[in-house]
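File shown: coords-v7.cif (mmCIF, C-alpha atoms).
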data_final
loop_
_atom_site.label_atom_id
_atom_site.label_comp_id
_atom_site.auth_asym_id
_atom_site.auth_seq_id
_atom_site.Cartn_x
_atom_site.Cartn_y
_atom_site.Cartn_z
CA ARG A 1 26.44 -22.93 -38.98
CA ASN A 2 29.36 -24.85 -37.46
CA VAL A 3 30.77 -26.16 -40.77
CA VAL A 4 32.97 -23.78 -42.75
CA MET A 5 34.75 -23.46 -46.07
CA PRO A 6 38.41 -24.16 -45.21
CA THR A 7 40.63 -21.36 -46.50
CA SER A 8 43.68 -21.56 -44.18
CA LEU A 9 42.93 -17.91 -43.31
CA PHE A 10 39.31 -17.34 -42.25
CA GLY A 11 36.67 -20.04 -41.97
CA VAL A 12 33.53 -18.90 -43.82
CA PRO A 13 30.34 -20.53 -42.43
CA LEU A 14 28.59 -22.58 -45.12
CA SER A 15 25.23 -21.41 -43.76
CA ILE A 16 25.77 -18.27 -45.82
CA CYS A 17 25.09 -20.38 -48.92
CA ALA A 18 21.47 -20.91 -47.82
CA ARG A 19 20.75 -17.38 -46.67
CA SER A 20 18.62 -16.64 -49.74
CA ARG A 21 17.82 -18.01 -53.18
CA LEU A 22 20.41 -15.64 -54.66
CA HIS A 23 23.08 -16.97 -52.30
CA ALA A 24 22.19 -20.55 -53.29
CA VAL A 25 22.42 -19.76 -57.02
CA LEU A 26 25.75 -17.95 -56.62
CA THR A 27 27.05 -20.91 -54.59
CA ALA A 28 26.10 -23.41 -57.30
CA TRP A 29 27.43 -21.39 -60.23
CA CYS A 30 30.40 -19.57 -58.68
CA MET A 31 31.47 -20.70 -55.21
CA ILE A 32 31.55 -24.46 -55.78
CA PRO A 33 33.58 -24.29 -59.05
CA ALA A 34 35.94 -21.73 -57.48
CA ALA A 35 36.43 -23.88 -54.38
CA ALA A 36 37.01 -26.96 -56.56
CA PHE A 37 39.60 -25.08 -58.60
CA CYS A 38 41.47 -23.70 -55.58
CA GLY A 39 41.30 -27.03 -53.78
CA SER A 40 42.63 -28.98 -56.77
CA MET A 41 45.53 -26.55 -57.18
CA TYR A 42 46.30 -26.82 -53.44
CA ARG A 43 46.24 -30.62 -53.45
CA SER A 44 48.41 -30.76 -56.58
CA PHE A 45 50.94 -28.30 -55.15
CA TRP A 46 51.31 -30.23 -51.88
CA GLY A 47 51.53 -33.60 -53.61
CA LEU A 48 48.12 -34.86 -52.51
CA GLU A 49 47.03 -35.38 -56.12
CA ARG A 50 48.88 -36.38 -59.26
CA SER A 51 46.80 -34.18 -61.52
CA ALA A 52 45.13 -30.87 -60.69
CA VAL A 53 42.89 -31.28 -63.75
CA GLY A 54 41.73 -34.73 -62.65
CA CYS A 55 41.10 -33.49 -59.12
CA PHE A 56 39.10 -30.52 -60.40
CA GLU A 57 36.97 -32.76 -62.60
CA ARG A 58 36.33 -35.24 -59.80
CA SER A 59 35.50 -32.48 -57.29
CA LEU A 60 32.80 -31.13 -59.59
CA LEU A 61 31.33 -34.33 -61.03
CA ALA A 62 32.16 -37.16 -58.60
CA PRO A 63 33.22 -35.65 -55.25
CA ARG A 64 34.70 -37.92 -52.59
CA ASP A 65 35.25 -35.49 -49.72
CA TRP A 66 33.21 -36.20 -46.61
CA LEU A 67 31.12 -33.03 -46.82
CA GLN A 68 29.89 -33.70 -50.36
CA LEU A 69 29.20 -37.37 -49.59
CA TRP A 70 27.31 -36.32 -46.47
CA ARG A 71 25.14 -33.91 -48.46
CA LEU A 72 24.56 -36.50 -51.21
CA ASN A 73 23.46 -39.00 -48.56
CA CYS A 74 21.00 -36.46 -47.12
CA ARG A 75 19.51 -35.83 -50.55
CA LEU A 76 19.27 -39.56 -51.30
CA ALA A 77 17.51 -40.20 -47.98
CA SER A 78 15.09 -37.33 -48.65
CA MET A 79 14.31 -38.60 -52.15
CA THR A 80 13.73 -42.13 -50.86
CA ALA A 81 11.43 -40.84 -48.10
CA LEU A 82 9.45 -38.81 -50.65
CA ALA A 83 9.16 -41.71 -53.11
CA THR A 84 8.19 -44.40 -50.58
CA GLN A 85 6.27 -42.25 -48.06
CA SER A 86 7.70 -44.58 -45.42
CA LYS A 87 7.10 -43.67 -41.77
CA ASP A 88 10.49 -45.16 -40.92
CA PHE A 89 12.16 -41.89 -41.86
CA GLU A 90 10.51 -40.30 -38.84
CA LEU A 91 13.31 -42.00 -36.88
CA GLU A 92 15.53 -39.09 -37.95
CA ASP A 93 13.92 -37.38 -34.95
CA LYS A 94 16.18 -38.13 -31.98
CA TRP A 95 13.36 -38.65 -29.50
CA THR A 96 11.33 -40.82 -31.88
CA PHE A 97 14.42 -42.96 -32.43
CA ILE A 98 15.20 -43.36 -28.72
CA ARG A 99 11.56 -44.09 -27.82
CA THR A 100 11.23 -46.69 -30.58
CA CYS A 101 14.46 -48.40 -29.52
CA MET A 102 13.28 -48.58 -25.91
CA GLU A 103 9.96 -50.06 -27.01
CA LYS A 104 11.76 -52.75 -29.03
CA GLY A 105 14.34 -53.52 -26.34
CA ILE A 106 17.31 -52.11 -28.27
CA PRO A 107 19.92 -50.61 -25.89
CA VAL A 108 20.31 -46.83 -26.21
CA THR A 109 21.67 -44.04 -24.04
CA PRO A 110 19.47 -43.75 -20.91
CA VAL A 111 16.99 -40.87 -20.66
CA MET A 112 16.31 -39.14 -17.33
CA ASP A 113 12.66 -39.06 -16.16
CA THR A 114 13.48 -36.32 -13.66
CA PRO A 115 13.77 -33.41 -13.32
CA VAL A 116 10.65 -32.28 -15.16
CA THR A 117 12.36 -28.97 -15.83
CA LEU A 118 16.09 -28.32 -15.59
CA ILE A 119 17.41 -24.83 -14.91
CA ALA A 120 20.96 -24.01 -16.04
CA LYS A 121 22.55 -20.66 -15.11
CA ASP A 122 25.71 -18.96 -16.25
CA VAL A 123 27.93 -18.11 -13.26
CA LEU A 124 28.50 -14.50 -14.39
CA GLU A 125 25.82 -13.36 -16.83
CA GLU A 126 23.08 -11.21 -15.28
CA GLY A 127 19.72 -9.66 -16.13
CA GLY A 128 18.02 -12.98 -16.85
CA MET A 129 20.24 -13.49 -19.91
CA GLY A 130 22.33 -16.38 -18.60
CA ILE A 131 19.47 -18.70 -17.70
CA HIS A 132 18.38 -21.71 -19.75
CA VAL A 133 15.09 -23.50 -18.99
CA LEU A 134 15.09 -27.06 -20.33
CA ARG A 135 11.78 -28.91 -20.07
CA ASN A 136 12.07 -32.69 -20.16
CA VAL A 137 10.75 -34.34 -23.34
CA LEU A 138 9.14 -37.03 -21.17
CA HIS A 139 6.93 -34.33 -19.69
CA GLY A 140 5.90 -32.47 -22.83
CA GLY A 141 9.11 -30.55 -23.42
CA ARG A 142 11.59 -30.74 -26.29
CA TRP A 143 14.81 -31.50 -24.43
CA ILE A 144 16.23 -35.00 -23.99
CA LEU A 145 17.94 -34.99 -20.60
CA GLN A 146 20.73 -37.55 -20.18
CA GLU A 147 23.67 -38.08 -17.88
CA LYS A 148 27.09 -37.72 -19.43
CA LEU A 149 28.51 -41.09 -20.43
CA ASP A 150 32.20 -41.97 -20.21
CA ASN A 151 34.34 -44.27 -22.32
CA CYS A 152 34.98 -47.77 -21.03
CA ASP A 153 38.47 -48.64 -19.78
CA ALA A 154 39.47 -50.39 -23.02
CA VAL A 155 38.62 -47.28 -25.06
CA LYS A 156 40.22 -44.90 -22.54
CA GLN A 157 43.57 -46.62 -23.14
CA LEU A 158 43.46 -45.40 -26.77
CA LEU A 159 42.64 -41.77 -25.93
CA PRO A 160 44.09 -38.75 -24.10
CA PRO A 161 42.97 -38.32 -20.44
CA ASP A 162 40.31 -35.64 -20.99
CA ALA A 163 38.71 -37.01 -24.16
CA PRO A 164 34.94 -36.94 -24.81
CA LEU A 165 32.75 -40.00 -25.27
CA SER A 166 34.17 -41.48 -28.46
CA THR A 167 31.53 -43.24 -30.49
CA MET A 168 31.53 -45.61 -33.41
CA ARG A 169 29.55 -45.00 -36.60
CA VAL A 170 28.25 -47.84 -38.76
CA LEU A 171 27.13 -47.00 -42.30
CA THR A 172 24.65 -49.49 -43.73
CA GLY A 173 22.93 -49.85 -47.08
CA SER A 174 19.75 -51.65 -48.06
CA ARG A 175 17.68 -52.32 -51.18
CA GLY A 176 14.57 -52.73 -49.05
CA ALA A 177 13.10 -49.41 -50.25
CA LEU A 178 12.74 -50.91 -53.74
CA LEU A 179 10.00 -53.16 -52.40
CA ALA A 180 7.92 -50.09 -51.52
CA LEU A 181 8.05 -48.67 -55.05
CA PRO A 182 5.64 -49.61 -57.86
CA GLY A 183 7.14 -52.55 -59.73
CA GLY A 184 10.19 -52.50 -57.48
CA ARG A 185 12.11 -55.69 -56.81
CA ALA A 186 14.93 -56.40 -54.41
CA THR A 187 17.01 -59.56 -54.23
CA ARG A 188 17.97 -58.76 -50.66
CA SER A 189 16.13 -56.36 -48.39
CA GLY A 190 18.23 -56.65 -45.23
CA ALA A 191 20.78 -54.03 -44.22
CA GLN A 192 24.43 -54.59 -45.06
CA THR A 193 27.37 -52.87 -43.39
CA LEU A 194 29.27 -50.69 -45.87
CA CYS A 195 31.88 -49.23 -43.54
CA THR A 196 32.61 -48.66 -39.87
CA VAL A 197 34.39 -45.65 -38.37
CA TRP A 198 35.52 -44.87 -34.83
CA ARG A 199 35.65 -41.25 -33.68
CA ALA A 200 38.77 -40.92 -31.52
CA GLY A 201 38.01 -37.80 -29.48
CA ARG A 202 40.52 -34.97 -29.03
CA LEU A 203 41.97 -33.68 -25.77
CA GLY A 204 39.57 -31.34 -23.93
CA ALA A 205 36.80 -31.57 -26.55
CA SER A 206 33.14 -31.55 -25.46
CA THR A 207 32.00 -34.09 -28.08
CA ASP A 208 33.64 -36.42 -30.57
CA HIS A 209 32.84 -34.08 -33.44
CA SER A 210 36.39 -32.94 -32.67
CA CYS A 211 38.16 -36.19 -33.44
CA VAL A 212 40.29 -38.38 -35.63
CA MET A 213 38.03 -40.54 -37.78
CA VAL A 214 39.63 -43.98 -37.66
CA ASP A 215 38.63 -46.61 -40.18
CA VAL A 216 37.73 -50.07 -38.85
CA PRO A 217 38.25 -51.95 -42.13
CA THR A 218 37.43 -55.36 -40.67
CA GLY A 219 34.37 -54.19 -38.70
CA ARG A 220 31.95 -55.37 -41.37
CA THR A 221 33.59 -58.79 -41.58
CA GLY A 222 33.82 -59.59 -37.87
CA GLY A 223 37.09 -57.90 -36.90
CA ASP A 224 37.94 -55.18 -34.38
CA VAL A 225 41.33 -53.99 -35.71
CA LEU A 226 41.78 -50.26 -36.33
CA GLY A 227 43.08 -48.94 -39.63
CA THR A 228 44.33 -45.47 -40.52
CA GLY A 229 42.56 -42.23 -39.67
CA SER A 230 41.58 -38.90 -41.18
CA THR A 231 40.60 -35.52 -39.77
CA SER A 232 37.92 -32.98 -40.60
CA ALA A 233 38.98 -30.40 -38.00
CA HIS A 234 39.67 -27.79 -40.68
CA TRP A 235 36.00 -27.95 -41.71
CA TYR A 236 34.97 -26.83 -38.19
CA ALA A 237 37.58 -24.09 -37.66
CA SER A 238 35.30 -21.05 -37.89
CA GLY A 239 36.52 -17.51 -38.24
CA TRP A 240 40.16 -16.80 -37.50
CA ARG A 241 40.55 -20.23 -35.88
CA SER A 242 41.01 -21.42 -39.46
CA PHE A 243 44.29 -19.50 -39.75
CA GLY A 244 47.14 -21.91 -40.44
CA ASN A 245 44.90 -24.96 -40.84
CA PRO A 246 45.18 -26.96 -44.07
CA VAL A 247 42.76 -26.34 -46.90
CA SER A 248 42.62 -30.06 -47.63
CA THR A 249 44.10 -33.28 -46.22
CA ARG A 250 44.84 -36.80 -47.41
CA ASP A 251 42.41 -39.50 -46.29
CA GLY A 252 44.04 -42.18 -44.16
CA SER A 253 47.12 -40.09 -43.41
CA ILE A 254 46.91 -40.44 -39.60
CA SER A 255 48.16 -43.55 -37.85
CA ALA A 256 48.75 -42.14 -34.33
CA HIS A 257 46.57 -40.00 -32.06
CA PRO A 258 47.75 -36.38 -32.49
CA ASP A 259 47.36 -35.55 -28.77
CA THR A 260 49.25 -38.53 -27.36
CA GLY A 261 51.35 -39.98 -30.17
CA LEU A 262 49.87 -43.40 -29.40
CA GLN A 263 49.83 -45.63 -32.48
CA LEU A 264 46.20 -46.43 -33.24
CA THR A 265 46.62 -48.42 -36.45
CA GLY A 266 46.69 -52.11 -35.58
CA LYS A 267 45.09 -51.67 -32.14
CA ARG A 268 41.83 -53.44 -31.32
CA LEU A 269 38.55 -51.61 -30.65
CA LEU A 270 36.61 -54.17 -28.67
CA GLY A 271 32.99 -54.47 -29.72
CA ALA A 272 33.35 -52.93 -33.20
CA SER A 273 32.21 -56.04 -35.03
CA ARG A 274 29.34 -56.59 -32.58
CA ALA A 275 28.12 -53.04 -33.25
CA ALA A 276 28.09 -53.70 -37.01
CA ALA A 277 26.24 -56.99 -36.48
CA LEU A 278 23.65 -55.23 -34.30
CA CYS A 279 22.94 -52.68 -37.05
CA GLU A 280 22.46 -55.45 -39.60
CA ARG A 281 20.03 -57.30 -37.32
#

Just give me the structure of the file as structure tokens.
Amino acid sequence: RNVVMPTSLFGVPLSICARSRLHAVLTAWCMIPAAAFCGSMYRSFWGLERSAVGCFERSLLAPRDWLQLWRLNCRLASMTALATQSKDFELEDKWTFIRTCMEKGIPVTPVMDTPVTLIAKDVLEEGGMGIHVLRNVLHGGRWILQEKLDNCDAVKQLLPPDAPLSTMRVLTGSRGALLALPGGRATRSGAQTLCTVWRAGRLGASTDHSCVMVDVPTGRTGGDVLGTGSTSAHWYASGWRSFGNPVSTRDGSISAHPDTGLQLTGKRLLGASRAAALCER
């Protein structure tokens, strides 16, 4: 619901593609090829691609944009879960993940035991419409209650004053699932870091979904030096907020934080390599 098709005019929610079977079929046969064609022409016109034909072919058959890679990863994870019937995929549930980490002594964001039920009220809305009752997951509810965490001083120096908690994402790969398949063999079952990315939060944002995604190219090899960054803000500009935003951008085109002008490329993000090592362990 919060991801849209960037058009530079009006952001169309991608949830419309899953509204019905007919919508899904029309998306596969019409919308995706049309979007690939328009996007390839846009990128060729603005000098982001050498060949519109090559971009169109890649967008359809071997997409590299973050949204397509994200969806491919979701499908791959689902297929692996179905083939192996592994219970480990239950960790996709946020509470199951946090509880398992706490049981194994892995540091995670703290969870509040109290209150049992939290009441949140809008300051203006009336008639019982502005009230939200959040029952704590530790007491049979479905809400994980946590205090807001702030960035450490070293990270704050890289961000604007009112930036959200800016997290780091470590993408790992493993051949361990092959061992769970009939006749499967794996030369190495342990996880390996494929890439590391830091989400540099934007000024006034609530979460780091509004961010500059900064590559940490040396994170998987023991370094903490930041590389160049990219943005996906145009994918989240719903409705008329999309007006004037780019249809497509070049990966790695950002070297400075757009809210402060501070050069990020070459700066150190302390703890990046330790985070990658923790994921591999």

Between A:Val3, A:Cys17, A:Cys279, A:Leu61, which is the closest to Leu171 (chain A) once you count all atoms listed in the file?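 Of the candidates, the smallest distance to Leu171 (chain A) is held by A:Cys279.
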
Quick one: which residues end up in the PyMOL selection byres ((chain A and resi 95-111) around 6) for this structure, as a ChimeraX atom specification? /A:91,93-94,112,145-146

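When all atoms listed in the file are used to compute distances to Leu67 (chain A), the closest of the residues A:Ile131, A:Val53, A:Met5, A:His23 turns out to be A:Met5.
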
Counting all atoms listed in the file, which residues sit no farther than 12 Å from the position (53.2, -29.1, -50.7) in the file's frame? I'd like them as a PyMOL selection string. chain A and resi 41-49+246-250

I need the residues from that last selection saved to file as a short mmCIF file (atom, residue, chain, number, x, y, z; two decimals), in the coordinates of the input (with C-alpha atoms), if you can.
data_model
loop_
_atom_site.label_atom_id
_atom_site.label_comp_id
_atom_site.auth_asym_id
_atom_site.auth_seq_id
_atom_site.Cartn_x
_atom_site.Cartn_y
_atom_site.Cartn_z
CA MET A 41 45.53 -26.55 -57.18
CA TYR A 42 46.30 -26.82 -53.44
CA ARG A 43 46.24 -30.62 -53.45
CA SER A 44 48.41 -30.76 -56.58
CA PHE A 45 50.94 -28.30 -55.15
CA TRP A 46 51.31 -30.23 -51.88
CA GLY A 47 51.53 -33.60 -53.61
CA LEU A 48 48.12 -34.86 -52.51
CA GLU A 49 47.03 -35.38 -56.12
CA PRO A 246 45.18 -26.96 -44.07
CA VAL A 247 42.76 -26.34 -46.90
CA SER A 248 42.62 -30.06 -47.63
CA THR A 249 44.10 -33.28 -46.22
CA ARG A 250 44.84 -36.80 -47.41
#

Using the chain letters and numbers from the file, which residues does the PyMOL selection byres ((chain A and resi 245) around 12) grab, as a list in words?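 Taken on the displayed file, the PyMOL selection byres ((chain A and resi 245) around 12) yields the residues Met5, Pro6, Thr7, Ser8, Leu9, Phe10, Gly11, Thr231, Ser232, Ala233, His234, Trp235, Tyr236, Ala237, Ser238, Gly239, Trp240, Arg241, Ser242, Phe243, Gly244, Pro246, Val247, Ser248 and Thr249 of chain A.
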
State, in Å with one decimal place, the distance from CA of Val12 (chain A) to CA of Ala163 (chain A).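 CA of Ala163 (chain A) lies at a distance of 27.2 Å from CA of Val12 (chain A).
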
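As for CA of Leu69 (chain A) and CA of Ala191 (chain A), they are spaced 19.4 Å apart.
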
Write out as a PDB file with C-alpha atoms, in the coordinates of the input which residues come within 12 Å of Ala154 (chain A) when counting all atoms listed in the file, dropping same-chain ones fewer than 6 positions away.
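Written file, around.pdb:
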ATOM      1  CA  SER A 166      34.170 -41.480 -28.460  1.00  0.00           C
ATOM      2  CA  LYS A 267      45.090 -51.670 -32.140  1.00  0.00           C
ATOM      3  CA  ARG A 268      41.830 -53.440 -31.320  1.00  0.00           C
ATOM      4  CA  LEU A 269      38.550 -51.610 -30.650  1.00  0.00           C
ATOM      5  CA  LEU A 270      36.610 -54.170 -28.670  1.00  0.00           C
ATOM      6  CA  GLY A 271      32.990 -54.470 -29.720  1.00  0.00           C
TER       7      GLY A 271
END
